[in-house]
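Next comes input-v3.pdb, a file with PDB, C-alpha atoms and all ligand atoms.
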```pdb
ATOM      1  CA  MET A  16      66.754 117.927 138.098  1.00  0.00           C
ATOM      2  CA  SER A  17      64.464 117.859 135.092  1.00  0.00           C
ATOM      3  CA  SER A  18      62.602 114.577 134.866  1.00  0.00           C
ATOM      4  CA  ALA A  19      59.379 116.056 136.237  1.00  0.00           C
ATOM      5  CA  SER A  20      57.964 119.554 136.279  1.00  0.00           C
ATOM      6  CA  LEU A  21      58.668 121.438 139.510  1.00  0.00           C
ATOM      7  CA  GLY A  22      55.770 122.011 141.869  1.00  0.00           C
ATOM      8  CA  LEU A  23      53.275 119.592 140.330  1.00  0.00           C
ATOM      9  CA  GLY A  24      52.116 116.825 142.641  1.00  0.00           C
ATOM     10  CA  GLU A  25      52.409 113.260 141.329  1.00  0.00           C
ATOM     11  CA  ASP A  26      48.710 112.834 140.524  1.00  0.00           C
ATOM     12  CA  LEU A  27      48.432 116.119 138.693  1.00  0.00           C
ATOM     13  CA  ARG A  28      51.586 115.451 136.720  1.00  0.00           C
ATOM     14  CA  ASN A  29      50.317 112.015 135.726  1.00  0.00           C
ATOM     15  CA  TYR A  30      47.127 113.669 134.531  1.00  0.00           C
ATOM     16  CA  LEU A  31      49.157 116.195 132.525  1.00  0.00           C
ATOM     17  CA  LEU A  32      51.146 113.380 130.921  1.00  0.00           C
ATOM     18  CA  GLN A  33      47.947 111.489 130.139  1.00  0.00           C
ATOM     19  CA  VAL A  34      46.022 114.262 128.438  1.00  0.00           C
ATOM     20  CA  GLY A  35      48.676 116.839 127.533  1.00  0.00           C
ATOM     21  CA  VAL A  36      51.556 115.003 125.867  1.00  0.00           C
ATOM     22  CA  ARG A  37      51.767 112.544 122.975  1.00  0.00           C
ATOM     23  CA  GLU A  38      55.201 110.974 123.322  1.00  0.00           C
ATOM     24  CA  ASN A  39      55.793 108.957 120.146  1.00  0.00           C
ATOM     25  CA  GLU A  40      57.157 105.386 120.074  1.00  0.00           C
ATOM     26  CA  HIS A  41      60.760 106.409 119.356  1.00  0.00           C
ATOM     27  CA  LEU A  42      60.919 108.938 122.179  1.00  0.00           C
ATOM     28  CA  ALA A  43      59.190 106.497 124.541  1.00  0.00           C
ATOM     29  CA  ALA A  44      61.668 103.735 123.598  1.00  0.00           C
ATOM     30  CA  LEU A  45      64.666 106.015 124.206  1.00  0.00           C
ATOM     31  CA  ARG A  46      63.236 107.143 127.534  1.00  0.00           C
ATOM     32  CA  GLU A  47      62.808 103.484 128.479  1.00  0.00           C
ATOM     33  CA  ALA A  48      66.379 102.675 127.395  1.00  0.00           C
ATOM     34  CA  THR A  49      67.740 105.523 129.505  1.00  0.00           C
ATOM     35  CA  MET A  50      65.632 104.804 132.577  1.00  0.00           C
ATOM     36  CA  SER A  51      68.162 102.469 134.208  1.00  0.00           C
ATOM     37  CA  HIS A  52      71.116 104.809 133.535  1.00  0.00           C
ATOM     38  CA  GLU A  53      72.679 106.252 136.691  1.00  0.00           C
ATOM     39  CA  TRP A  54      72.186 109.766 135.237  1.00  0.00           C
ATOM     40  CA  ALA A  55      68.685 109.193 133.815  1.00  0.00           C
ATOM     41  CA  VAL A  56      67.500 112.216 135.786  1.00  0.00           C
ATOM     42  CA  MET A  57      69.423 114.420 133.327  1.00  0.00           C
ATOM     43  CA  GLN A  58      66.980 113.597 130.544  1.00  0.00           C
ATOM     44  CA  ILE A  59      64.314 116.197 129.800  1.00  0.00           C
ATOM     45  CA  SER A  60      60.725 115.307 130.662  1.00  0.00           C
ATOM     46  CA  PRO A  61      58.145 114.280 128.023  1.00  0.00           C
ATOM     47  CA  GLU A  62      56.204 117.513 128.573  1.00  0.00           C
ATOM     48  CA  GLN A  63      59.349 119.548 127.962  1.00  0.00           C
ATOM     49  CA  GLY A  64      60.127 117.534 124.830  1.00  0.00           C
ATOM     50  CA  ALA A  65      56.637 118.239 123.527  1.00  0.00           C
ATOM     51  CA  LEU A  66      57.027 121.961 124.264  1.00  0.00           C
ATOM     52  CA  MET A  67      60.372 122.103 122.454  1.00  0.00           C
ATOM     53  CA  GLN A  68      58.934 120.300 119.425  1.00  0.00           C
ATOM     54  CA  MET A  69      56.075 122.793 119.360  1.00  0.00           C
ATOM     55  CA  LEU A  70      58.469 125.758 119.552  1.00  0.00           C
ATOM     56  CA  VAL A  71      60.727 124.422 116.806  1.00  0.00           C
ATOM     57  CA  LYS A  72      57.724 123.975 114.524  1.00  0.00           C
ATOM     58  CA  LEU A  73      56.138 127.318 115.433  1.00  0.00           C
ATOM     59  CA  ILE A  74      59.253 129.290 114.497  1.00  0.00           C
ATOM     60  CA  GLY A  75      59.778 127.157 111.370  1.00  0.00           C
ATOM     61  CA  ALA A  76      63.259 126.188 112.525  1.00  0.00           C
ATOM     62  CA  LYS A  77      65.538 124.424 110.041  1.00  0.00           C
ATOM     63  CA  ARG A  78      68.914 124.841 111.728  1.00  0.00           C
ATOM     64  CA  CYS A  79      69.243 124.076 115.430  1.00  0.00           C
ATOM     65  CA  ILE A  80      71.918 123.721 118.085  1.00  0.00           C
ATOM     66  CA  GLU A  81      71.906 121.480 121.127  1.00  0.00           C
ATOM     67  CA  ILE A  82      74.519 121.886 123.849  1.00  0.00           C
ATOM     68  CA  GLY A  83      74.392 118.748 126.021  1.00  0.00           C
ATOM     69  CA  THR A  84      72.994 115.654 124.316  1.00  0.00           C
ATOM     70  CA  PHE A  85      73.409 112.843 126.900  1.00  0.00           C
ATOM     71  CA  THR A  86      71.547 109.789 125.525  1.00  0.00           C
ATOM     72  CA  GLY A  87      69.859 111.851 122.861  1.00  0.00           C
ATOM     73  CA  TYR A  88      66.253 112.350 123.943  1.00  0.00           C
ATOM     74  CA  SER A  89      66.076 116.125 123.454  1.00  0.00           C
ATOM     75  CA  ALA A  90      68.039 115.792 120.205  1.00  0.00           C
ATOM     76  CA  LEU A  91      65.549 113.201 118.967  1.00  0.00           C
ATOM     77  CA  ALA A  92      62.618 115.428 119.923  1.00  0.00           C
ATOM     78  CA  VAL A  93      64.071 118.450 118.109  1.00  0.00           C
ATOM     79  CA  ALA A  94      65.230 116.457 115.068  1.00  0.00           C
ATOM     80  CA  GLN A  95      61.757 114.957 114.659  1.00  0.00           C
ATOM     81  CA  ALA A  96      60.260 118.452 114.654  1.00  0.00           C
ATOM     82  CA  LEU A  97      62.535 119.593 111.809  1.00  0.00           C
ATOM     83  CA  PRO A  98      61.756 119.378 108.101  1.00  0.00           C
ATOM     84  CA  HIS A  99      63.495 116.611 106.088  1.00  0.00           C
ATOM     85  CA  ASP A 100      66.419 118.862 105.215  1.00  0.00           C
ATOM     86  CA  GLY A 101      66.691 120.202 108.765  1.00  0.00           C
ATOM     87  CA  TYR A 102      69.990 120.265 110.663  1.00  0.00           C
ATOM     88  CA  LEU A 103      70.763 119.825 114.349  1.00  0.00           C
ATOM     89  CA  LEU A 104      74.276 120.476 115.632  1.00  0.00           C
ATOM     90  CA  ALA A 105      74.434 118.262 118.745  1.00  0.00           C
ATOM     91  CA  CYS A 106      77.314 118.920 121.164  1.00  0.00           C
ATOM     92  CA  ASP A 107      78.569 116.565 123.863  1.00  0.00           C
ATOM     93  CA  ILE A 108      81.860 115.245 125.201  1.00  0.00           C
ATOM     94  CA  ASN A 109      80.809 111.764 126.248  1.00  0.00           C
ATOM     95  CA  ASP A 110      80.257 109.145 123.576  1.00  0.00           C
ATOM     96  CA  ASP A 111      79.338 106.506 126.167  1.00  0.00           C
ATOM     97  CA  TYR A 112      76.166 108.555 126.585  1.00  0.00           C
ATOM     98  CA  THR A 113      75.473 109.503 122.980  1.00  0.00           C
ATOM     99  CA  ARG A 114      76.101 105.932 121.744  1.00  0.00           C
ATOM    100  CA  ILE A 115      72.988 104.879 123.650  1.00  0.00           C
ATOM    101  CA  GLY A 116      70.807 107.274 121.682  1.00  0.00           C
ATOM    102  CA  GLU A 117      72.161 106.939 118.164  1.00  0.00           C
ATOM    103  CA  PRO A 118      70.266 103.716 117.252  1.00  0.00           C
ATOM    104  CA  PHE A 119      67.047 105.451 118.296  1.00  0.00           C
ATOM    105  CA  TRP A 120      67.837 108.418 116.031  1.00  0.00           C
ATOM    106  CA  THR A 121      68.389 105.934 113.205  1.00  0.00           C
ATOM    107  CA  ALA A 122      65.182 103.998 113.930  1.00  0.00           C
ATOM    108  CA  ALA A 123      63.244 107.255 113.907  1.00  0.00           C
ATOM    109  CA  GLY A 124      64.712 108.147 110.498  1.00  0.00           C
ATOM    110  CA  VAL A 125      66.369 111.359 111.671  1.00  0.00           C
ATOM    111  CA  ARG A 126      70.020 110.290 112.064  1.00  0.00           C
ATOM    112  CA  SER A 127      71.053 112.227 108.945  1.00  0.00           C
ATOM    113  CA  ARG A 128      69.681 115.470 110.402  1.00  0.00           C
ATOM    114  CA  ILE A 129      71.923 115.256 113.480  1.00  0.00           C
ATOM    115  CA  ASP A 130      75.550 116.383 113.334  1.00  0.00           C
ATOM    116  CA  LEU A 131      77.020 115.023 116.586  1.00  0.00           C
ATOM    117  CA  GLN A 132      80.208 116.785 117.638  1.00  0.00           C
ATOM    118  CA  LEU A 133      82.081 115.093 120.479  1.00  0.00           C
ATOM    119  CA  MET A 134      84.294 117.806 121.923  1.00  0.00           C
ATOM    120  CA  PRO A 135      83.824 120.680 124.377  1.00  0.00           C
ATOM    121  CA  ALA A 136      80.839 122.655 123.114  1.00  0.00           C
ATOM    122  CA  LEU A 137      82.657 125.995 123.299  1.00  0.00           C
ATOM    123  CA  LYS A 138      85.118 124.643 120.724  1.00  0.00           C
ATOM    124  CA  THR A 139      82.333 123.500 118.432  1.00  0.00           C
ATOM    125  CA  LEU A 140      80.463 126.802 118.693  1.00  0.00           C
ATOM    126  CA  ASP A 141      83.599 128.897 118.176  1.00  0.00           C
ATOM    127  CA  ALA A 142      84.434 126.865 115.064  1.00  0.00           C
ATOM    128  CA  LYS A 143      80.972 127.649 113.652  1.00  0.00           C
ATOM    129  CA  LEU A 144      81.477 131.349 114.383  1.00  0.00           C
ATOM    130  CA  GLU A 145      84.937 131.317 112.792  1.00  0.00           C
ATOM    131  CA  ASP A 146      83.376 129.589 109.796  1.00  0.00           C
ATOM    132  CA  GLY A 147      81.096 132.608 109.269  1.00  0.00           C
ATOM    133  CA  GLN A 148      77.893 130.921 110.487  1.00  0.00           C
ATOM    134  CA  ALA A 149      76.762 133.768 112.764  1.00  0.00           C
ATOM    135  CA  GLY A 150      73.085 134.587 112.219  1.00  0.00           C
ATOM    136  CA  THR A 151      72.345 131.280 110.457  1.00  0.00           C
ATOM    137  CA  PHE A 152      70.653 129.222 113.209  1.00  0.00           C
ATOM    138  CA  ASP A 153      67.001 129.337 114.287  1.00  0.00           C
ATOM    139  CA  PHE A 154      66.927 127.558 117.644  1.00  0.00           C
ATOM    140  CA  ALA A 155      69.389 126.612 120.389  1.00  0.00           C
ATOM    141  CA  PHE A 156      68.916 124.438 123.466  1.00  0.00           C
ATOM    142  CA  ILE A 157      71.463 124.932 126.264  1.00  0.00           C
ATOM    143  CA  ASP A 158      71.681 121.940 128.625  1.00  0.00           C
ATOM    144  CA  ALA A 159      75.361 121.047 129.275  1.00  0.00           C
ATOM    145  CA  ASP A 160      77.743 122.001 132.122  1.00  0.00           C
ATOM    146  CA  LYS A 161      76.055 124.832 133.975  1.00  0.00           C
ATOM    147  CA  ALA A 162      79.232 126.792 134.841  1.00  0.00           C
ATOM    148  CA  ASN A 163      79.639 127.591 131.136  1.00  0.00           C
ATOM    149  CA  TYR A 164      76.030 128.669 130.579  1.00  0.00           C
ATOM    150  CA  PRO A 165      76.825 132.418 130.219  1.00  0.00           C
ATOM    151  CA  MET A 166      79.419 131.604 127.559  1.00  0.00           C
ATOM    152  CA  TYR A 167      77.070 129.244 125.721  1.00  0.00           C
ATOM    153  CA  TYR A 168      74.390 131.923 125.785  1.00  0.00           C
ATOM    154  CA  GLU A 169      76.672 134.533 124.206  1.00  0.00           C
ATOM    155  CA  ARG A 170      77.818 132.146 121.478  1.00  0.00           C
ATOM    156  CA  CYS A 171      74.268 131.041 120.710  1.00  0.00           C
ATOM    157  CA  LEU A 172      73.047 134.610 120.531  1.00  0.00           C
ATOM    158  CA  LYS A 173      75.666 135.305 117.848  1.00  0.00           C
ATOM    159  CA  LEU A 174      74.839 132.129 115.927  1.00  0.00           C
ATOM    160  CA  LEU A 175      71.081 132.810 115.898  1.00  0.00           C
ATOM    161  CA  ARG A 176      69.192 134.881 113.346  1.00  0.00           C
ATOM    162  CA  VAL A 177      66.943 137.720 114.473  1.00  0.00           C
ATOM    163  CA  GLY A 178      63.718 136.076 115.700  1.00  0.00           C
ATOM    164  CA  GLY A 179      65.628 132.906 116.637  1.00  0.00           C
ATOM    165  CA  LEU A 180      65.042 131.298 120.003  1.00  0.00           C
ATOM    166  CA  ILE A 181      67.376 130.126 122.760  1.00  0.00           C
ATOM    167  CA  ALA A 182      65.966 127.693 125.354  1.00  0.00           C
ATOM    168  CA  ILE A 183      68.054 127.497 128.527  1.00  0.00           C
ATOM    169  CA  ASP A 184      67.413 124.480 130.736  1.00  0.00           C
ATOM    170  CA  ASN A 185      67.502 124.011 134.534  1.00  0.00           C
ATOM    171  CA  VAL A 186      67.200 127.716 135.251  1.00  0.00           C
ATOM    172  CA  LEU A 187      65.421 127.045 138.580  1.00  0.00           C
ATOM    173  CA  TRP A 188      67.979 124.345 139.506  1.00  0.00           C
ATOM    174  CA  GLY A 189      65.706 122.460 141.890  1.00  0.00           C
ATOM    175  CA  GLY A 190      65.311 125.677 143.929  1.00  0.00           C
ATOM    176  CA  ASP A 191      69.054 125.992 144.655  1.00  0.00           C
ATOM    177  CA  VAL A 192      69.151 129.082 142.491  1.00  0.00           C
ATOM    178  CA  ILE A 193      67.637 131.098 145.376  1.00  0.00           C
ATOM    179  CA  ASP A 194      69.662 129.383 148.118  1.00  0.00           C
ATOM    180  CA  GLU A 195      72.560 131.813 148.592  1.00  0.00           C
ATOM    181  CA  SER A 196      74.396 129.314 150.797  1.00  0.00           C
ATOM    182  CA  ASN A 197      74.916 127.291 147.616  1.00  0.00           C
ATOM    183  CA  GLN A 198      77.981 128.719 145.881  1.00  0.00           C
ATOM    184  CA  ASP A 199      79.093 125.784 143.741  1.00  0.00           C
ATOM    185  CA  PRO A 200      80.236 126.617 140.181  1.00  0.00           C
ATOM    186  CA  GLU A 201      77.181 125.088 138.519  1.00  0.00           C
ATOM    187  CA  THR A 202      74.733 127.053 140.670  1.00  0.00           C
ATOM    188  CA  LEU A 203      76.773 130.234 140.148  1.00  0.00           C
ATOM    189  CA  GLY A 204      76.651 129.620 136.380  1.00  0.00           C
ATOM    190  CA  ILE A 205      72.878 129.346 136.424  1.00  0.00           C
ATOM    191  CA  ARG A 206      72.465 132.462 138.568  1.00  0.00           C
ATOM    192  CA  ALA A 207      74.840 134.334 136.254  1.00  0.00           C
ATOM    193  CA  VAL A 208      72.982 133.389 133.092  1.00  0.00           C
ATOM    194  CA  ASN A 209      69.630 134.217 134.687  1.00  0.00           C
ATOM    195  CA  GLU A 210      70.919 137.709 135.606  1.00  0.00           C
ATOM    196  CA  LEU A 211      72.478 138.156 132.186  1.00  0.00           C
ATOM    197  CA  VAL A 212      69.302 137.222 130.347  1.00  0.00           C
ATOM    198  CA  ALA A 213      67.020 139.172 132.689  1.00  0.00           C
ATOM    199  CA  ASN A 214      68.881 142.411 131.884  1.00  0.00           C
ATOM    200  CA  ASP A 215      69.668 141.744 128.235  1.00  0.00           C
ATOM    201  CA  ASP A 216      67.904 144.112 125.838  1.00  0.00           C
ATOM    202  CA  ARG A 217      69.054 142.021 122.874  1.00  0.00           C
ATOM    203  CA  VAL A 218      66.297 139.502 123.670  1.00  0.00           C
ATOM    204  CA  GLU A 219      62.675 139.114 124.763  1.00  0.00           C
ATOM    205  CA  ILE A 220      62.295 136.552 127.527  1.00  0.00           C
ATOM    206  CA  SER A 221      59.910 134.135 129.175  1.00  0.00           C
ATOM    207  CA  MET A 222      60.938 131.813 132.011  1.00  0.00           C
ATOM    208  CA  ILE A 223      58.658 128.760 132.157  1.00  0.00           C
ATOM    209  CA  PRO A 224      58.304 126.418 135.177  1.00  0.00           C
ATOM    210  CA  VAL A 225      58.398 123.282 133.021  1.00  0.00           C
ATOM    211  CA  GLY A 226      60.851 120.542 134.014  1.00  0.00           C
ATOM    212  CA  ASP A 227      63.513 122.242 136.148  1.00  0.00           C
ATOM    213  CA  GLY A 228      62.757 125.671 134.655  1.00  0.00           C
ATOM    214  CA  LEU A 229      63.248 126.681 131.030  1.00  0.00           C
ATOM    215  CA  THR A 230      64.025 130.223 129.892  1.00  0.00           C
ATOM    216  CA  LEU A 231      63.086 131.212 126.370  1.00  0.00           C
ATOM    217  CA  ALA A 232      65.063 134.122 124.939  1.00  0.00           C
ATOM    218  CA  ARG A 233      64.023 135.422 121.518  1.00  0.00           C
ATOM    219  CA  LYS A 234      66.663 137.398 119.658  1.00  0.00           C
ATOM    220  CA  LEU A 235      65.578 140.941 118.722  1.00  0.00           C
TER     221      LEU A 235
HETATM  222  N1  LIG B 301      69.662 117.277 126.796  1.00  0.00           N
HETATM  223  C1  LIG B 301      69.903 115.941 127.345  1.00  0.00           C
HETATM  224  C2  LIG B 301      68.609 115.145 127.414  1.00  0.00           C
HETATM  225  O1  LIG B 301      67.523 115.720 127.363  1.00  0.00           O
HETATM  226  O2  LIG B 301      68.669 113.924 127.550  1.00  0.00           O
HETATM  227  C3  LIG B 301      70.525 116.007 128.708  1.00  0.00           C
HETATM  228  C4  LIG B 301      71.908 116.648 128.737  1.00  0.00           C
HETATM  229  S1  LIG B 301      72.779 116.380 130.253  1.00  0.00           S
HETATM  230  C5  LIG B 301      71.887 117.367 131.368  1.00  0.00           C
HETATM  231  C6  LIG B 301      74.282 117.278 130.056  1.00  0.00           C
HETATM  232  C7  LIG B 301      75.267 116.739 129.019  1.00  0.00           C
HETATM  233  O3  LIG B 301      76.269 117.725 128.809  1.00  0.00           O
HETATM  234  C8  LIG B 301      75.986 115.459 129.401  1.00  0.00           C
HETATM  235  O4  LIG B 301      75.722 114.459 128.447  1.00  0.00           O
HETATM  236  C9  LIG B 301      77.468 115.839 129.388  1.00  0.00           C
HETATM  237  O5  LIG B 301      78.315 114.838 128.859  1.00  0.00           O
HETATM  238  C10 LIG B 301      77.467 117.072 128.492  1.00  0.00           C
HETATM  239  N2  LIG B 301      78.590 118.001 128.720  1.00  0.00           N
HETATM  240  C11 LIG B 301      79.189 118.310 129.896  1.00  0.00           C
HETATM  241  N3  LIG B 301      80.164 119.203 129.688  1.00  0.00           N
HETATM  242  C12 LIG B 301      80.182 119.470 128.361  1.00  0.00           C
HETATM  243  C13 LIG B 301      80.966 120.315 127.516  1.00  0.00           C
HETATM  244  N4  LIG B 301      81.950 121.079 128.013  1.00  0.00           N
HETATM  245  N5  LIG B 301      80.701 120.333 126.197  1.00  0.00           N
HETATM  246  C14 LIG B 301      79.701 119.558 125.673  1.00  0.00           C
HETATM  247  N6  LIG B 301      78.935 118.753 126.424  1.00  0.00           N
HETATM  248  C15 LIG B 301      79.169 118.702 127.734  1.00  0.00           C
HETATM  249 CA    CA B 302      68.586 119.627 131.759  1.00  0.00          CA
END
```

What would the structure in this file look like if it were written as structure tokens?
Amino acid sequence: MSSASLGLGEDLRNYLLQVGVRENEHLAALREATMSHEWAVMQISPEQGALMQMLVKLIGAKRCIEIGTFTGYSALAVAQALPHDGYLLACDINDDYTRIGEPFWTAAGVRSRIDLQLMPALKTLDAKLEDGQAGTFDFAFIDADKANYPMYYERCLKLLRVGGLIAIDNVLWGGDVIDESNQDPETLGIRAVNELVANDDRVEISMIPVGDGLTLARKL
């Protein structure tokens, strides 16, 4: 799914990791701790983590959203890229997963920046909208259940300020996105969000072949 970047051979990817990414000790330790997990493949790759940290810093993000936390690697990467008073709303439904990551957030000194909400992400996002927080976030990373991607995208677009960035993960879906014989709800969700974003004049877009495909949508 997203542990390596699509299309790169093993040797070239190893070279990229060697000269193109500086994964710090906390991220490396969390990757190591997740490696034996049956769903370790869900974790973003080091090169994607580095890209997301760069983006968060480049746009000067202070308030971020993550939809789909798993063992907390992408949350740790984003939280580390935030200023001391930064805030990351991290959404997941499975505390067996998130419990693995929390000690690593603490060790890295960023636990207080992460607001972990363990309930369906749509509920969490709708509560923020009802609370009047539309337009107050800078960055959102969408990486939970793919069937809900179009709904996550719409909520995030409302929650973001103008100039804010949404990063949507797994948009190439291991190539299944162009295999029309695949009609499962997750694949349909990814196709739907790709179509939605491609034709959405509320955003500027760039789809990047990092990991399993990452679409950046900048709110106009
Ligand atoms: N971003 C994570 C990382 O880099 O390690 C990987 C996230 S994993 C692909 C997807 C996560 O979404 C799982 O941890 C799963 O429990 C969570 N999830 C699934 N359905 C959800 C929902 N309705 N609301 C919130 N989280 C959900
Ligand atoms: Ca993913």

Residues matched by the PyMOL selection byres (((chain A and resi 95) around 10) and not hetatm), written as a PyMOL selection string: chain A and resi 41-42+68+71-72+89-94+96-99+101+120+123-126+128

Running the PyMOL selection byres (((chain A and resi 87) around 9) and not hetatm) on this model by hand, what would come out? Give it as a compact mmCIF listing (two decimals) with C-alpha atoms, in the coordinates of the input.
```txt
# COMPACT_ATOMS: atom_id res chain seq x y z
CA LEU A 45 64.67 106.02 124.21
CA GLN A 58 66.98 113.60 130.54
CA GLY A 83 74.39 118.75 126.02
CA THR A 84 72.99 115.65 124.32
CA PHE A 85 73.41 112.84 126.90
CA THR A 86 71.55 109.79 125.52
CA TYR A 88 66.25 112.35 123.94
CA SER A 89 66.08 116.12 123.45
CA ALA A 90 68.04 115.79 120.20
CA LEU A 91 65.55 113.20 118.97
CA ALA A 92 62.62 115.43 119.92
CA ALA A 105 74.43 118.26 118.74
CA TYR A 112 76.17 108.56 126.58
CA THR A 113 75.47 109.50 122.98
CA ARG A 114 76.10 105.93 121.74
CA ILE A 115 72.99 104.88 123.65
CA GLY A 116 70.81 107.27 121.68
CA GLU A 117 72.16 106.94 118.16
CA PHE A 119 67.05 105.45 118.30
CA TRP A 120 67.84 108.42 116.03
```

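Between Ala48 (chain A) and the candidates A:Gly24, A:Pro118, A:Gly64, A:Pro224, the tightest atom-to-atom separation, counting all atoms listed in the file, involves A:Pro118.
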
Identify, counting all atoms listed in the file, the protein, DNA and RNA residues located within 10 Å of ligand LIG 301 (chain B), and give them as a PyMOL selection string. chain A and resi 16-18+45-46+49+54-61+63-64+81-92+105-113+116+132-140+156-164+167+184-185

Please save C-alpha atoms of the selected residues as a PDB file, in the coordinates of the input.
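As a result, result.pdb now contains:
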```pdb
ATOM      1  CA  MET A  16      66.754 117.927 138.098  1.00  0.00           C
ATOM      2  CA  SER A  17      64.464 117.859 135.092  1.00  0.00           C
ATOM      3  CA  SER A  18      62.602 114.577 134.866  1.00  0.00           C
ATOM      4  CA  LEU A  45      64.666 106.015 124.206  1.00  0.00           C
ATOM      5  CA  ARG A  46      63.236 107.143 127.534  1.00  0.00           C
ATOM      6  CA  THR A  49      67.740 105.523 129.505  1.00  0.00           C
ATOM      7  CA  TRP A  54      72.186 109.766 135.237  1.00  0.00           C
ATOM      8  CA  ALA A  55      68.685 109.193 133.815  1.00  0.00           C
ATOM      9  CA  VAL A  56      67.500 112.216 135.786  1.00  0.00           C
ATOM     10  CA  MET A  57      69.423 114.420 133.327  1.00  0.00           C
ATOM     11  CA  GLN A  58      66.980 113.597 130.544  1.00  0.00           C
ATOM     12  CA  ILE A  59      64.314 116.197 129.800  1.00  0.00           C
ATOM     13  CA  SER A  60      60.725 115.307 130.662  1.00  0.00           C
ATOM     14  CA  PRO A  61      58.145 114.280 128.023  1.00  0.00           C
ATOM     15  CA  GLN A  63      59.349 119.548 127.962  1.00  0.00           C
ATOM     16  CA  GLY A  64      60.127 117.534 124.830  1.00  0.00           C
ATOM     17  CA  GLU A  81      71.906 121.480 121.127  1.00  0.00           C
ATOM     18  CA  ILE A  82      74.519 121.886 123.849  1.00  0.00           C
ATOM     19  CA  GLY A  83      74.392 118.748 126.021  1.00  0.00           C
ATOM     20  CA  THR A  84      72.994 115.654 124.316  1.00  0.00           C
ATOM     21  CA  PHE A  85      73.409 112.843 126.900  1.00  0.00           C
ATOM     22  CA  THR A  86      71.547 109.789 125.525  1.00  0.00           C
ATOM     23  CA  GLY A  87      69.859 111.851 122.861  1.00  0.00           C
ATOM     24  CA  TYR A  88      66.253 112.350 123.943  1.00  0.00           C
ATOM     25  CA  SER A  89      66.076 116.125 123.454  1.00  0.00           C
ATOM     26  CA  ALA A  90      68.039 115.792 120.205  1.00  0.00           C
ATOM     27  CA  LEU A  91      65.549 113.201 118.967  1.00  0.00           C
ATOM     28  CA  ALA A  92      62.618 115.428 119.923  1.00  0.00           C
ATOM     29  CA  ALA A 105      74.434 118.262 118.745  1.00  0.00           C
ATOM     30  CA  CYS A 106      77.314 118.920 121.164  1.00  0.00           C
ATOM     31  CA  ASP A 107      78.569 116.565 123.863  1.00  0.00           C
ATOM     32  CA  ILE A 108      81.860 115.245 125.201  1.00  0.00           C
ATOM     33  CA  ASN A 109      80.809 111.764 126.248  1.00  0.00           C
ATOM     34  CA  ASP A 110      80.257 109.145 123.576  1.00  0.00           C
ATOM     35  CA  ASP A 111      79.338 106.506 126.167  1.00  0.00           C
ATOM     36  CA  TYR A 112      76.166 108.555 126.585  1.00  0.00           C
ATOM     37  CA  THR A 113      75.473 109.503 122.980  1.00  0.00           C
ATOM     38  CA  GLY A 116      70.807 107.274 121.682  1.00  0.00           C
ATOM     39  CA  GLN A 132      80.208 116.785 117.638  1.00  0.00           C
ATOM     40  CA  LEU A 133      82.081 115.093 120.479  1.00  0.00           C
ATOM     41  CA  MET A 134      84.294 117.806 121.923  1.00  0.00           C
ATOM     42  CA  PRO A 135      83.824 120.680 124.377  1.00  0.00           C
ATOM     43  CA  ALA A 136      80.839 122.655 123.114  1.00  0.00           C
ATOM     44  CA  LEU A 137      82.657 125.995 123.299  1.00  0.00           C
ATOM     45  CA  LYS A 138      85.118 124.643 120.724  1.00  0.00           C
ATOM     46  CA  THR A 139      82.333 123.500 118.432  1.00  0.00           C
ATOM     47  CA  LEU A 140      80.463 126.802 118.693  1.00  0.00           C
ATOM     48  CA  PHE A 156      68.916 124.438 123.466  1.00  0.00           C
ATOM     49  CA  ILE A 157      71.463 124.932 126.264  1.00  0.00           C
ATOM     50  CA  ASP A 158      71.681 121.940 128.625  1.00  0.00           C
ATOM     51  CA  ALA A 159      75.361 121.047 129.275  1.00  0.00           C
ATOM     52  CA  ASP A 160      77.743 122.001 132.122  1.00  0.00           C
ATOM     53  CA  LYS A 161      76.055 124.832 133.975  1.00  0.00           C
ATOM     54  CA  ALA A 162      79.232 126.792 134.841  1.00  0.00           C
ATOM     55  CA  ASN A 163      79.639 127.591 131.136  1.00  0.00           C
ATOM     56  CA  TYR A 164      76.030 128.669 130.579  1.00  0.00           C
ATOM     57  CA  TYR A 167      77.070 129.244 125.721  1.00  0.00           C
ATOM     58  CA  ASP A 184      67.413 124.480 130.736  1.00  0.00           C
ATOM     59  CA  ASN A 185      67.502 124.011 134.534  1.00  0.00           C
TER      60      ASN A 185
END
```

As JSON, numbers by chain, please: the residues near Leu175 (chain A) (cut-off 8 Å, only C-alpha atoms, same-chain neighbours under 6 positions excluded). {"A": [149, 150, 151, 152, 153, 154, 155, 234]}

List the residues selected by the PyMOL selection byres (((chain A and resi 102) around 7) and not hetatm) in the file shown, writing them as an MDAnalysis selection string. chainID A and resid 77:79 100:101 103:104 128:129

Pairwise distance, CA of Arg217 (chain A) with CA of Leu235 (chain A), equals 5.5 Å

Give the padded box for region 158-165 of chain A as lines of an AutoDock Vina configuration file: axis-aligned, covering all atoms listed in the file, 5 Å on each side, centre and edge lengths in Å to one decimal.
```
center_x = 75.7
center_y = 126.7
center_z = 131.7
size_x = 18.0
size_y = 21.4
size_z = 16.2
```

Tell me, as a PyMOL selection string, which residues lie within 7 Å of region 30-36 of chain A, counting all atoms listed in the file; anything in the same chain fewer than 4 positions away does not count. chain A and resi 26+61-62+65

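CA of Gly22 (chain A) sits 23.7 Å away from CA of Asp199 (chain A).
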
At what distance in Å, to one decimal, does CA of Val186 (chain A) lie from CA of Asp227 (chain A)?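 Answer for the CA of Asp227 (chain A) to CA of Val186 (chain A) separation: 6.7 Å.
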
Go through A:Ile181, A:Leu73, A:Gly190, A:Glu201 and flag the residue nearest Thr230 (chain A), using only C-alpha atoms for the distances.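 Smallest distance to Thr230 (chain A) is found for A:Ile181.
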
Which residue gives the smallest distance to ligand CA 302 (chain B) among A:Leu144, A:Ala122, A:Leu229, A:Val208, with only C-alpha atoms and all ligand atoms counted?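 Among A:Leu144, A:Ala122, A:Leu229, A:Val208, it is A:Leu229 that comes nearest to ligand CA 302 (chain B).
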